[in-house]
file final-v1.txt (compact mmCIF, C-alpha atoms and all ligand atoms)
# COMPACT_ATOMS: atom_id res chain seq x y z
CA MET F 1 -33.11 10.21 23.59
CA LEU F 2 -35.85 12.71 23.00
CA ALA F 3 -36.02 14.19 19.53
CA ASN F 4 -38.52 16.37 17.71
CA ILE F 5 -39.79 14.81 14.52
CA ILE F 6 -41.49 16.87 11.84
CA ILE F 7 -44.26 14.53 10.69
CA LYS F 8 -45.68 16.76 7.96
CA PRO F 9 -45.95 20.53 7.50
CA GLY F 10 -47.57 21.98 10.61
CA THR F 11 -47.11 18.89 12.82
CA ILE F 12 -44.19 18.25 15.17
CA GLU F 13 -43.97 15.37 17.66
CA LEU F 14 -41.47 14.80 20.45
CA ARG F 15 -40.48 11.11 20.38
CA ASP F 16 -38.13 8.83 22.23
CA ILE F 17 -35.69 7.46 19.64
CA LYS F 18 -32.43 5.51 19.78
CA THR F 19 -29.42 7.61 20.74
CA PRO F 20 -26.88 7.24 17.90
CA LYS F 21 -23.45 5.72 18.58
CA PRO F 22 -20.39 7.44 17.10
CA SER F 23 -18.51 5.35 14.51
CA HIS F 24 -14.96 6.01 13.38
CA GLY F 25 -14.19 9.73 13.29
CA GLU F 26 -17.62 10.79 14.54
CA ILE F 27 -18.68 12.60 17.69
CA LEU F 28 -21.92 12.58 19.60
CA VAL F 29 -22.87 16.02 20.90
CA LYS F 30 -25.23 16.73 23.77
CA ILE F 31 -27.20 19.74 22.56
CA LYS F 32 -27.18 22.73 24.89
CA ALA F 33 -28.95 25.18 22.59
CA ALA F 34 -30.54 25.01 19.15
CA LEU F 35 -32.07 27.83 17.13
CA THR F 36 -35.04 27.98 14.81
CA CYS F 37 -34.20 29.04 11.28
CA GLY F 38 -36.02 30.28 8.18
CA THR F 39 -35.42 26.94 6.45
CA ASP F 40 -37.09 25.09 9.34
CA LEU F 41 -39.98 27.53 9.16
CA LYS F 42 -40.39 26.90 5.43
CA ALA F 43 -40.46 23.16 6.15
CA PHE F 44 -43.03 23.70 8.91
CA ARG F 45 -45.22 25.85 6.66
CA ARG F 46 -45.14 24.08 3.33
CA GLY F 47 -42.50 21.34 3.35
CA HIS F 48 -38.93 21.67 2.11
CA PRO F 49 -36.99 19.58 -0.46
CA MET F 50 -33.94 19.45 1.86
CA ILE F 51 -35.90 18.32 4.94
CA PRO F 52 -37.43 14.84 4.47
CA MET F 53 -40.60 14.05 6.47
CA PRO F 54 -41.21 12.38 8.78
CA GLY F 55 -37.75 13.09 10.12
CA VAL F 56 -35.61 14.89 12.67
CA PHE F 57 -34.75 18.50 11.91
CA GLY F 58 -32.98 21.59 13.23
CA HIS F 59 -29.42 22.45 12.19
CA GLU F 60 -28.24 25.41 14.27
CA PHE F 61 -26.78 24.25 17.56
CA SER F 62 -24.00 24.16 20.11
CA GLY F 63 -23.31 21.70 22.88
CA VAL F 64 -20.92 19.44 24.76
CA VAL F 65 -19.10 16.42 23.37
CA ALA F 66 -20.80 13.38 24.91
CA GLU F 67 -18.87 10.58 23.19
CA VAL F 68 -16.14 10.32 20.58
CA GLY F 69 -15.65 7.57 17.99
CA LYS F 70 -12.32 5.86 17.33
CA GLY F 71 -9.75 7.95 15.52
CA VAL F 72 -11.14 11.34 16.54
CA LYS F 73 -8.36 13.83 17.08
CA GLY F 74 -8.69 17.13 18.91
CA PHE F 75 -11.96 16.53 20.75
CA LYS F 76 -12.79 14.63 23.92
CA GLU F 77 -15.80 14.06 26.13
CA GLY F 78 -16.83 17.24 27.95
CA ASP F 79 -15.49 19.73 25.39
CA GLU F 80 -17.85 22.62 24.76
CA ILE F 81 -18.23 23.03 21.02
CA MET F 82 -20.03 24.87 18.27
CA ALA F 83 -20.42 23.47 14.78
CA VAL F 84 -22.24 23.61 11.48
CA HIS F 85 -24.20 20.72 9.99
CA THR F 86 -22.33 20.27 6.71
CA ALA F 87 -18.82 19.97 5.34
CA PRO F 88 -17.50 19.58 1.79
CA CYS F 89 -16.19 16.21 0.52
CA LEU F 90 -12.88 17.73 -0.74
CA LYS F 91 -12.88 15.24 -3.64
CA CYS F 92 -15.52 16.31 -6.16
CA ILE F 93 -14.93 18.60 -9.11
CA TYR F 94 -16.36 21.63 -7.27
CA CYS F 95 -14.19 21.01 -4.24
CA LYS F 96 -11.17 20.77 -6.54
CA LYS F 97 -12.16 24.20 -7.87
CA ARG F 98 -12.35 25.37 -4.24
CA LEU F 99 -16.06 26.09 -4.60
CA TYR F 100 -16.65 24.21 -1.36
CA ASN F 101 -20.15 25.57 -0.77
CA LEU F 102 -21.17 24.05 -4.11
CA CYS F 103 -19.70 20.61 -3.32
CA ASP F 104 -21.62 17.79 -5.00
CA LYS F 105 -22.18 16.09 -1.65
CA ILE F 106 -22.71 19.04 0.69
CA MET F 107 -26.47 18.67 0.99
CA ASP F 108 -26.56 14.86 0.80
CA THR F 109 -24.18 14.52 3.73
CA LYS F 110 -25.74 17.21 5.92
CA VAL F 111 -26.73 16.36 9.47
CA LEU F 112 -30.15 17.32 10.83
CA GLY F 113 -31.74 16.84 14.25
CA ALA F 114 -30.68 19.70 16.51
CA PHE F 115 -34.12 19.90 18.17
CA ALA F 116 -33.19 16.85 20.22
CA GLU F 117 -31.06 15.80 23.18
CA TYR F 118 -28.15 14.61 21.03
CA ILE F 119 -26.83 14.98 17.51
CA LEU F 120 -24.23 12.82 15.76
CA LEU F 121 -21.59 14.67 13.72
CA THR F 122 -19.96 12.85 10.81
CA GLU F 123 -16.23 12.56 10.21
CA TYR F 124 -16.27 15.20 7.44
CA ILE F 125 -17.83 17.72 9.80
CA VAL F 126 -15.60 16.79 12.76
CA LYS F 127 -12.48 17.27 10.62
CA GLN F 128 -13.52 20.63 9.15
CA ASN F 129 -16.33 22.43 10.89
CA VAL F 130 -16.33 21.79 14.64
CA LEU F 131 -14.81 24.52 16.85
CA TYR F 132 -14.28 25.03 20.56
CA LYS F 133 -16.80 27.30 22.22
CA PRO F 134 -15.03 30.02 24.18
CA LYS F 135 -16.28 30.65 27.71
CA ASN F 136 -17.31 34.22 26.93
CA LEU F 137 -19.95 32.99 24.46
CA SER F 138 -23.22 31.53 25.68
CA PHE F 139 -24.45 28.31 24.06
CA GLU F 140 -27.27 30.33 22.45
CA GLU F 141 -24.80 32.75 20.88
CA ALA F 142 -22.56 29.89 19.78
CA ALA F 143 -25.52 28.31 17.96
CA PHE F 144 -25.45 31.26 15.53
CA LEU F 145 -22.36 29.83 13.84
CA GLU F 146 -24.34 28.30 10.95
CA PRO F 147 -26.60 31.22 9.96
CA LEU F 148 -23.75 33.69 10.46
CA SER F 149 -21.53 31.60 8.15
CA CYS F 150 -24.21 31.88 5.44
CA VAL F 151 -24.28 35.65 5.84
CA VAL F 152 -20.48 35.92 5.90
CA HIS F 153 -20.53 34.03 2.59
CA SER F 154 -23.15 36.38 1.18
CA MET F 155 -21.19 39.48 2.20
CA LYS F 156 -17.98 38.05 0.76
CA SER F 157 -19.43 38.23 -2.75
CA VAL F 158 -19.19 42.05 -2.73
CA ASP F 159 -16.73 44.60 -1.41
CA ILE F 160 -18.75 46.78 0.96
CA LYS F 161 -17.02 50.01 1.94
CA ARG F 162 -17.66 52.58 4.61
CA GLY F 163 -20.51 54.89 3.59
CA ASP F 164 -21.90 52.60 0.85
CA ASN F 165 -25.68 52.78 0.53
CA VAL F 166 -27.19 49.37 1.06
CA LEU F 167 -30.78 48.16 0.98
CA VAL F 168 -31.67 44.96 2.82
CA ILE F 169 -35.10 43.63 1.88
CA GLY F 170 -36.55 41.52 4.66
CA ALA F 171 -36.00 41.98 8.41
CA GLY F 172 -36.15 38.30 9.30
CA PRO F 173 -33.15 36.62 10.99
CA ILE F 174 -31.06 36.61 7.79
CA GLY F 175 -31.85 40.23 6.91
CA LEU F 176 -30.98 41.28 10.45
CA LEU F 177 -27.71 39.32 10.42
CA HIS F 178 -26.82 41.15 7.20
CA LEU F 179 -27.64 44.39 8.96
CA LEU F 180 -25.28 43.60 11.86
CA LEU F 181 -22.39 42.77 9.53
CA LEU F 182 -23.08 45.78 7.28
CA LYS F 183 -22.98 48.09 10.29
CA GLU F 184 -19.62 46.52 11.22
CA LYS F 185 -18.46 47.81 7.82
CA GLU F 186 -20.04 51.22 8.49
CA ALA F 187 -22.36 51.09 5.50
CA VAL F 188 -25.54 53.18 5.46
CA VAL F 189 -28.28 50.57 5.77
CA VAL F 190 -31.91 50.85 4.78
CA ILE F 191 -34.05 47.85 5.69
CA SER F 192 -37.56 47.14 4.50
CA ASP F 193 -40.16 44.68 5.77
CA LYS F 194 -43.93 44.46 5.88
CA HIS F 195 -43.95 43.71 9.65
CA LYS F 196 -43.78 46.84 11.80
CA LYS F 197 -42.41 44.93 14.80
CA LYS F 198 -39.51 43.52 12.80
CA LEU F 199 -38.68 47.00 11.52
CA LYS F 200 -38.61 48.23 15.10
CA ILE F 201 -36.07 45.53 15.95
CA ALA F 202 -34.05 46.50 12.86
CA LYS F 203 -33.96 50.10 14.10
CA GLU F 204 -32.82 48.97 17.55
CA LEU F 205 -30.09 46.91 15.92
CA GLY F 206 -28.72 49.96 14.14
CA ALA F 207 -30.55 50.31 10.80
CA ASP F 208 -30.18 53.89 9.56
CA PHE F 209 -33.62 53.89 7.96
CA ILE F 210 -36.54 51.48 8.08
CA PHE F 211 -39.40 51.28 5.60
CA LYS F 212 -42.44 49.33 4.55
CA PRO F 213 -41.77 47.70 1.14
CA GLU F 214 -44.33 49.74 -0.78
CA LYS F 215 -42.34 52.87 0.05
CA THR F 216 -38.98 51.58 -1.13
CA GLU F 217 -38.97 53.19 -4.56
CA ALA F 218 -39.85 56.60 -3.15
CA VAL F 219 -37.20 56.13 -0.46
CA MET F 220 -34.64 55.27 -3.09
CA LYS F 221 -35.25 58.61 -4.77
CA LYS F 222 -34.53 60.51 -1.59
CA LEU F 223 -31.75 58.38 -0.09
CA ALA F 224 -28.82 56.79 -1.85
CA ASN F 225 -28.07 60.12 -3.62
CA GLY F 226 -31.29 59.73 -5.59
CA ILE F 227 -29.70 57.17 -7.92
CA GLY F 228 -30.44 53.89 -6.20
CA PHE F 229 -28.47 51.72 -3.81
CA ASP F 230 -24.94 50.48 -4.34
CA TYR F 231 -26.03 47.05 -3.14
CA VAL F 232 -29.35 45.36 -2.56
CA PHE F 233 -29.60 42.19 -0.48
CA GLU F 234 -32.76 40.18 -1.17
CA CYS F 235 -33.56 38.27 2.02
CA THR F 236 -37.19 37.25 1.60
CA GLY F 237 -37.14 34.39 -0.91
CA ARG F 238 -40.21 35.71 -2.71
CA PRO F 239 -40.11 35.82 -6.54
CA GLU F 240 -41.89 39.18 -6.75
CA VAL F 241 -39.20 40.64 -4.47
CA TRP F 242 -36.41 39.05 -6.52
CA GLN F 243 -37.90 40.74 -9.53
CA ALA F 244 -38.39 44.14 -7.91
CA SER F 245 -34.85 44.18 -6.42
CA VAL F 246 -33.27 45.46 -9.66
CA ASN F 247 -35.41 48.62 -9.47
CA TYR F 248 -33.64 49.73 -6.30
CA VAL F 249 -30.01 49.39 -7.38
CA ARG F 250 -27.98 52.15 -9.06
CA ARG F 251 -26.20 51.81 -12.41
CA GLY F 252 -23.30 49.40 -11.97
CA GLY F 253 -24.73 48.11 -8.70
CA THR F 254 -25.19 44.57 -7.47
CA VAL F 255 -28.23 42.66 -6.27
CA ILE F 256 -27.42 39.75 -4.00
CA LEU F 257 -30.10 37.10 -4.12
CA PHE F 258 -29.96 35.35 -0.76
CA GLY F 259 -33.53 34.21 -0.10
CA GLY F 260 -34.33 30.87 -1.72
CA CYS F 261 -37.71 30.84 -3.50
CA LYS F 262 -40.08 27.92 -3.72
CA SER F 263 -38.60 25.46 -6.23
CA GLY F 264 -39.73 25.88 -9.82
CA THR F 265 -40.60 29.58 -9.51
CA LYS F 266 -39.48 31.93 -12.26
CA VAL F 267 -38.86 35.66 -12.54
CA THR F 268 -38.41 38.00 -15.51
CA TYR F 269 -36.12 41.01 -15.82
CA ASP F 270 -35.94 43.95 -18.19
CA THR F 271 -32.94 43.02 -20.34
CA GLY F 272 -32.33 46.67 -21.25
CA LYS F 273 -31.99 47.62 -17.60
CA LEU F 274 -29.56 44.81 -16.81
CA HIS F 275 -27.54 45.59 -19.95
CA TYR F 276 -27.33 49.38 -20.06
CA ASP F 277 -27.24 49.82 -16.30
CA GLU F 278 -24.62 47.05 -15.96
CA ILE F 279 -26.44 45.42 -13.08
CA THR F 280 -24.95 42.34 -11.49
CA LEU F 281 -27.31 39.69 -10.13
CA LYS F 282 -25.48 37.41 -7.72
CA GLY F 283 -26.96 34.25 -6.26
CA VAL F 284 -25.42 33.13 -2.96
CA PHE F 285 -25.78 29.76 -1.29
CA HIS F 286 -24.50 28.21 1.93
CA PHE F 287 -20.86 28.64 3.04
CA THR F 288 -17.33 27.26 2.88
CA PRO F 289 -15.14 26.16 5.81
CA SER F 290 -13.28 29.48 5.59
CA ASP F 291 -16.62 31.34 5.96
CA VAL F 292 -17.25 29.25 9.08
CA LYS F 293 -13.89 30.31 10.52
CA LYS F 294 -14.62 33.93 9.76
CA ALA F 295 -18.05 33.69 11.39
CA TYR F 296 -16.41 32.00 14.39
CA LYS F 297 -13.95 34.88 14.78
CA LEU F 298 -16.76 37.43 14.55
CA LEU F 299 -18.76 35.60 17.21
CA CYS F 300 -15.76 35.20 19.51
CA LYS F 301 -15.04 38.94 19.33
CA GLY F 302 -18.51 39.32 20.81
CA ARG F 303 -18.99 42.79 19.36
CA ILE F 304 -21.98 42.29 17.09
CA GLY F 305 -24.52 41.63 19.86
CA ILE F 306 -26.01 38.65 18.12
CA SER F 307 -28.14 37.44 21.03
CA ARG F 308 -30.47 40.38 20.36
CA LEU F 309 -31.96 38.26 17.57
CA ILE F 310 -33.31 35.71 20.06
CA SER F 311 -36.97 36.40 20.81
CA GLY F 312 -37.40 33.80 23.55
CA SER F 313 -36.64 30.22 24.50
CA TYR F 314 -38.59 26.98 24.80
CA PRO F 315 -37.90 23.48 26.09
CA LEU F 316 -37.84 20.58 23.61
CA ASN F 317 -41.48 19.67 24.20
CA GLN F 318 -42.68 23.13 23.19
CA LEU F 319 -40.99 23.40 19.81
CA GLN F 320 -44.33 23.51 18.03
CA LYS F 321 -45.21 26.67 20.00
CA ALA F 322 -42.09 28.40 18.71
CA PHE F 323 -42.97 27.54 15.10
CA ASP F 324 -46.62 28.53 15.55
CA LYS F 325 -45.35 31.94 16.63
CA LEU F 326 -42.89 32.26 13.77
CA ALA F 327 -45.60 31.23 11.30
CA ARG F 328 -47.66 34.17 12.58
CA GLY F 329 -44.70 36.51 12.07
CA VAL F 330 -44.06 36.78 15.83
CA GLY F 331 -40.38 36.83 16.83
CA ILE F 332 -37.11 36.49 14.94
CA LYS F 333 -35.48 33.31 16.25
CA TYR F 334 -36.26 31.08 19.22
CA ALA F 335 -33.73 29.16 21.27
CA ILE F 336 -34.68 25.56 22.03
CA ILE F 337 -33.05 24.34 25.21
CA PRO F 338 -33.18 20.56 25.97
ZN ZN F 401 -30.19 27.80 9.27
ZN ZN F 402 -17.10 18.08 -2.87
call {"tool": "encode", "arguments": {"input": "final-v1.txt", "output": "structure tokens"}}
result
Amino acid sequence: MLANIIIKPGTIELRDIKTPKPSHGEILVKIKAALTCGTDLKAFRRGHPMIPMPGVFGHEFSGVVAEVGKGVKGFKEGDEIMAVHTAPCLKCIYCKKRLYNLCDKIMDTKVLGAFAEYILLTEYIVKQNVLYKPKNLSFEEAAFLEPLSCVVHSMKSVDIKRGDNVLVIGAGPIGLLHLLLLKEKEAVVVISDKHKKKLKIAKELGADFIFKPEKTEAVMKKLANGIGFDYVFECTGRPEVWQASVNYVRRGGTVILFGGCKSGTKVTYDTGKLHYDEITLKGVFHFTPSDVKKAYKLLCKGRIGISRLISGSYPLNQLQKAFDKLARGVGIKYAIIP
């Protein structure tokens, strides 16, 4: 089968590799659509601890079951499916505490390689995180299951109510997915980004106000009742933005730290501000199987208009082009169609 291999940051090669065979409990999926993601872009730009090189990559996908291993229940050849690339082990101490996203094994047992003709899904995933694709969803839309699950998890950490003032920093795919879900909850959403084009897309997707980052503090004084936002979602993964985020939240407010920074980076906060203003800093990571089900329901309802985040599509042999564009800040997500 043809599969894109990331050789080193900046270099992708399409190679002919052995098509995997499903063992007990596994299924082989013929990819119909895969999506580029911020994590892939980080790997392409500077390498990523979770994406070994050289190796296959890509983890947002949907497709058709091509072959099932022995003992698989519920799926057969020809089923149209959508899935995520991880599942918890259900045995470790974190799983016992129901903190499934923090499972000891969740990253070690992940499956990569969606920018290819086929992907093999392990028994853990087949049992927990593979779902039937309804006819009303396109394969491209169905491939949003993974990133949307992450954002569902992020939103679950706070109780957003109608009319809440929310700042989303970063209008990349994750910031924009937050925007779509926040508008579902009828929050007032301000989104900031340094790229004008991304802000324009944010506006089209329903952002109430859009701003360049340098203006955010001034904006905060005028909007959000002049006291700061009820919630701030950090979706850039840049330490200086993590640090600045607390300046935009009101007393008693919460900053959700979604964007992962380069490993080893550190930030400092004013202890007095965190203490006297009772600010909550909340890290969020990945998702649980129940987040996946919630994301699935949201997608199936078809109301959020998720396909508006796709900036174009490329065949397998032009994956590098998609990443070159993303690295220049052009586009939100690209669909890769084998
Ligand atoms: Zn992703
Ligand atoms: Zn576990």
call {"tool": "residues_around", "arguments": {"input": "final-v1.txt", "residues": "Ile201 in chain F", "least_positions_apart": "2", "cutoff": "10 Å", "atoms": "only C-alpha atoms", "output": "PDB file with C-alpha atoms, keeping the file's coordinate frame"}}
result
ATOM      1  CA  ALA F 171     -36.000  41.980   8.410  1.00  0.00           C
ATOM      2  CA  GLY F 172     -36.150  38.300   9.300  1.00  0.00           C
ATOM      3  CA  LEU F 176     -30.980  41.280  10.450  1.00  0.00           C
ATOM      4  CA  LYS F 196     -43.780  46.840  11.800  1.00  0.00           C
ATOM      5  CA  LYS F 197     -42.410  44.930  14.800  1.00  0.00           C
ATOM      6  CA  LYS F 198     -39.510  43.520  12.800  1.00  0.00           C
ATOM      7  CA  LEU F 199     -38.680  47.000  11.520  1.00  0.00           C
ATOM      8  CA  LYS F 203     -33.960  50.100  14.100  1.00  0.00           C
ATOM      9  CA  GLU F 204     -32.820  48.970  17.550  1.00  0.00           C
ATOM     10  CA  LEU F 205     -30.090  46.910  15.920  1.00  0.00           C
ATOM     11  CA  GLY F 206     -28.720  49.960  14.140  1.00  0.00           C
ATOM     12  CA  ALA F 207     -30.550  50.310  10.800  1.00  0.00           C
ATOM     13  CA  ILE F 210     -36.540  51.480   8.080  1.00  0.00           C
ATOM     14  CA  ARG F 308     -30.470  40.380  20.360  1.00  0.00           C
ATOM     15  CA  LEU F 309     -31.960  38.260  17.570  1.00  0.00           C
ATOM     16  CA  GLY F 331     -40.380  36.830  16.830  1.00  0.00           C
ATOM     17  CA  ILE F 332     -37.110  36.490  14.940  1.00  0.00           C
TER      18      ILE F 332
END
call {"tool": "residues_near_ligand", "arguments": {"input": "final-v1.txt", "ligand": "ligand ZN 401 (chain F)", "cutoff": "7 Å", "atoms": "all atoms listed in the file", "output": "PyMOL selection string"}}
result
chain F and resi 37-39+59-60+146-147
call {"tool": "closest_atom_pairs", "arguments": {"input": "final-v1.txt", "of": "chain F", "to": "ligand ZN 402 (chain F)", "cutoff": "10 Å", "atoms": "all atoms listed in the file", "output": "JSON lines"}}
result
{"residue": "F:Ala87", "atom": "CA", "partner": "F:ZN402", "partner_atom": "ZN", "distance": 8.6}
{"residue": "F:Pro88", "atom": "CA", "partner": "F:ZN402", "partner_atom": "ZN", "distance": 4.9}
{"residue": "F:Cys89", "atom": "CA", "partner": "F:ZN402", "partner_atom": "ZN", "distance": 4.0}
{"residue": "F:Leu90", "atom": "CA", "partner": "F:ZN402", "partner_atom": "ZN", "distance": 4.7}
{"residue": "F:Lys91", "atom": "CA", "partner": "F:ZN402", "partner_atom": "ZN", "distance": 5.1}
{"residue": "F:Cys92", "atom": "CA", "partner": "F:ZN402", "partner_atom": "ZN", "distance": 4.1}
{"residue": "F:Ile93", "atom": "CA", "partner": "F:ZN402", "partner_atom": "ZN", "distance": 6.6}
{"residue": "F:Tyr94", "atom": "CA", "partner": "F:ZN402", "partner_atom": "ZN", "distance": 5.7}
{"residue": "F:Cys95", "atom": "CA", "partner": "F:ZN402", "partner_atom": "ZN", "distance": 4.4}
{"residue": "F:Lys96", "atom": "CA", "partner": "F:ZN402", "partner_atom": "ZN", "distance": 7.5}
{"residue": "F:Lys97", "atom": "CA", "partner": "F:ZN402", "partner_atom": "ZN", "distance": 9.3}
{"residue": "F:Arg98", "atom": "CA", "partner": "F:ZN402", "partner_atom": "ZN", "distance": 8.8}
{"residue": "F:Leu99", "atom": "CA", "partner": "F:ZN402", "partner_atom": "ZN", "distance": 8.3}
{"residue": "F:Tyr100", "atom": "CA", "partner": "F:ZN402", "partner_atom": "ZN", "distance": 6.3}
{"residue": "F:Asn101", "atom": "CA", "partner": "F:ZN402", "partner_atom": "ZN", "distance": 8.4}
{"residue": "F:Leu102", "atom": "CA", "partner": "F:ZN402", "partner_atom": "ZN", "distance": 7.3}
{"residue": "F:Cys103", "atom": "CA", "partner": "F:ZN402", "partner_atom": "ZN", "distance": 3.7}
{"residue": "F:Asp104", "atom": "CA", "partner": "F:ZN402", "partner_atom": "ZN", "distance": 5.0}
{"residue": "F:Lys105", "atom": "CA", "partner": "F:ZN402", "partner_atom": "ZN", "distance": 5.6}
{"residue": "F:Ile106", "atom": "CA", "partner": "F:ZN402", "partner_atom": "ZN", "distance": 6.7}
call {"tool": "atom_distance", "arguments": {"input": "final-v1.txt", "atom1": "CA of Lys30 in chain F", "atom2": "CA of Ile304 in chain F"}}
result
26.6 Å
call {"tool": "atom_distance", "arguments": {"input": "final-v1.txt", "atom1": "CA of Phe144 in chain F", "atom2": "CA of Ala295 in chain F"}}
result
8.8 Å
call {"tool": "closest_residue", "arguments": {"input": "final-v1.txt", "among": "F:Tyr314, F:Phe211, F:Phe229, F:Phe61", "to": "Gly113 in chain F", "atoms": "all atoms listed in the file"}}
result
F:Phe61
call {"tool": "closest_residue", "arguments": {"input": "final-v1.txt", "among": "F:Lys297, F:His178, F:Lys8, F:His195", "to": "Arg328 in chain F", "atoms": "all atoms listed in the file"}}
result
F:His195
call {"tool": "residues_near_point", "arguments": {"input": "final-v1.txt", "point": "(-35.4, 28.1, 27.0)", "cutoff": "7 Å", "atoms": "all atoms listed in the file", "output": "CSV table (one decimal) with C-alpha atoms, in the frame of the given file"}}
result
chain,number,residue,atom,x,y,z
F,312,GLY,CA,-37.4,33.8,23.6
F,313,SER,CA,-36.6,30.2,24.5
F,314,TYR,CA,-38.6,27.0,24.8
F,315,PRO,CA,-37.9,23.5,26.1
F,335,ALA,CA,-33.7,29.2,21.3
F,336,ILE,CA,-34.7,25.6,22.0
F,337,ILE,CA,-33.0,24.3,25.2
call {"tool": "residues_around", "arguments": {"input": "final-v1.txt", "residues": "Pro49 in chain F", "least_positions_apart": "5", "cutoff": "12 Å", "atoms": "only C-alpha atoms", "output": "list in words"}}
result
Thr39, Asp40, Lys42, Ala43, Phe44, Met107, Asp108, Gly260, Cys261, Lys262, Ser263 and Gly264 of chain F
call {"tool": "closest_residue", "arguments": {"input": "final-v1.txt", "among": "F:Ile174, F:Ile191, F:Val232, F:Leu112", "to": "Ile6 in chain F", "atoms": "all atoms listed in the file"}}
result
F:Leu112
call {"tool": "atom_distance", "arguments": {"input": "final-v1.txt", "atom1": "CA of Lys333 in chain F", "atom2": "CA of Leu148 in chain F"}}
result
13.1 Å
call {"tool": "closest_residue", "arguments": {"input": "final-v1.txt", "among": "F:Tyr231, F:Phe75, F:Tyr118, F:Trp242", "to": "Asp16 in chain F", "atoms": "all atoms listed in the file"}}
result
F:Tyr118
call {"tool": "closest_residue", "arguments": {"input": "final-v1.txt", "among": "F:Pro338, F:Gly283, F:Gly329, F:Gly302", "to": "Arg45 in chain F", "atoms": "only C-alpha atoms"}}
result
F:Gly329
call {"tool": "residues_around", "arguments": {"input": "final-v1.txt", "residues": "range 243-259 of chain F", "least_positions_apart": "5", "cutoff": "8 Å", "atoms": "only C-alpha atoms", "output": "PyMOL selection string"}}
result
chain F and resi 154+167+216-217+220+227-238+267-269+277-285
call {"tool": "residues_around", "arguments": {"input": "final-v1.txt", "residues": "Met53 in chain F", "least_positions_apart": "3", "cutoff": "9 Å", "atoms": "only C-alpha atoms", "output": "number ranges by chain"}}
result
F: 5-9, 47-48, 56
call {"tool": "closest_residue", "arguments": {"input": "final-v1.txt", "among": "F:Gln128, F:Ser138, F:Thr36, F:Ser23", "to": "Gly69 in chain F", "atoms": "only C-alpha atoms"}}
result
F:Ser23
call {"tool": "build_atoms", "arguments": {"input": "final-v1.txt", "residues": "range 181-194 of chain F", "atoms": "N, CA and C atoms", "output": "mmCIF file, in the frame of the given file"}}
result
data_model
loop_
_atom_site.group_PDB
_atom_site.id
_atom_site.type_symbol
_atom_site.label_atom_id
_atom_site.label_comp_id
_atom_site.auth_asym_id
_atom_site.auth_seq_id
_atom_site.Cartn_x
_atom_site.Cartn_y
_atom_site.Cartn_z
ATOM 1 N N LEU F 181 -23.708 42.800 10.184
ATOM 2 C CA LEU F 181 -22.390 42.770 9.530
ATOM 3 C C LEU F 181 -22.153 44.021 8.680
ATOM 4 N N LEU F 182 -23.228 44.544 8.077
ATOM 5 C CA LEU F 182 -23.080 45.780 7.280
ATOM 6 C C LEU F 182 -22.735 46.965 8.171
ATOM 7 N N LYS F 183 -23.302 46.992 9.364
ATOM 8 C CA LYS F 183 -22.980 48.090 10.290
ATOM 9 C C LYS F 183 -21.536 47.975 10.779
ATOM 10 N N GLU F 184 -21.038 46.737 10.900
ATOM 11 C CA GLU F 184 -19.620 46.520 11.220
ATOM 12 C C GLU F 184 -18.743 47.205 10.183
ATOM 13 N N LYS F 185 -19.229 47.200 8.919
ATOM 14 C CA LYS F 185 -18.460 47.810 7.820
ATOM 15 C C LYS F 185 -18.812 49.283 7.626
ATOM 16 N N GLU F 186 -19.654 49.799 8.514
ATOM 17 C CA GLU F 186 -20.040 51.220 8.490
ATOM 18 C C GLU F 186 -20.740 51.641 7.211
ATOM 19 N N ALA F 187 -21.527 50.735 6.654
ATOM 20 C CA ALA F 187 -22.360 51.090 5.500
ATOM 21 C C ALA F 187 -23.598 51.830 6.021
ATOM 22 N N VAL F 188 -24.260 52.552 5.122
ATOM 23 C CA VAL F 188 -25.540 53.180 5.460
ATOM 24 C C VAL F 188 -26.620 52.172 5.066
ATOM 25 N N VAL F 189 -27.384 51.695 6.042
ATOM 26 C CA VAL F 189 -28.280 50.570 5.770
ATOM 27 C C VAL F 189 -29.749 50.957 5.887
ATOM 28 N N VAL F 190 -30.462 50.700 4.802
ATOM 29 C CA VAL F 190 -31.910 50.850 4.780
ATOM 30 C C VAL F 190 -32.481 49.443 4.807
ATOM 31 N N ILE F 191 -33.475 49.201 5.639
ATOM 32 C CA ILE F 191 -34.050 47.850 5.690
ATOM 33 C C ILE F 191 -35.559 47.960 5.523
ATOM 34 N N SER F 192 -36.113 47.082 4.707
ATOM 35 C CA SER F 192 -37.560 47.140 4.500
ATOM 36 C C SER F 192 -38.204 45.804 4.855
ATOM 37 N N ASP F 193 -39.404 45.875 5.397
ATOM 38 C CA ASP F 193 -40.160 44.680 5.770
ATOM 39 C C ASP F 193 -41.616 45.068 5.946
ATOM 40 N N LYS F 194 -42.515 44.114 5.722
ATOM 41 C CA LYS F 194 -43.930 44.460 5.880
ATOM 42 C C LYS F 194 -44.369 44.452 7.350
#
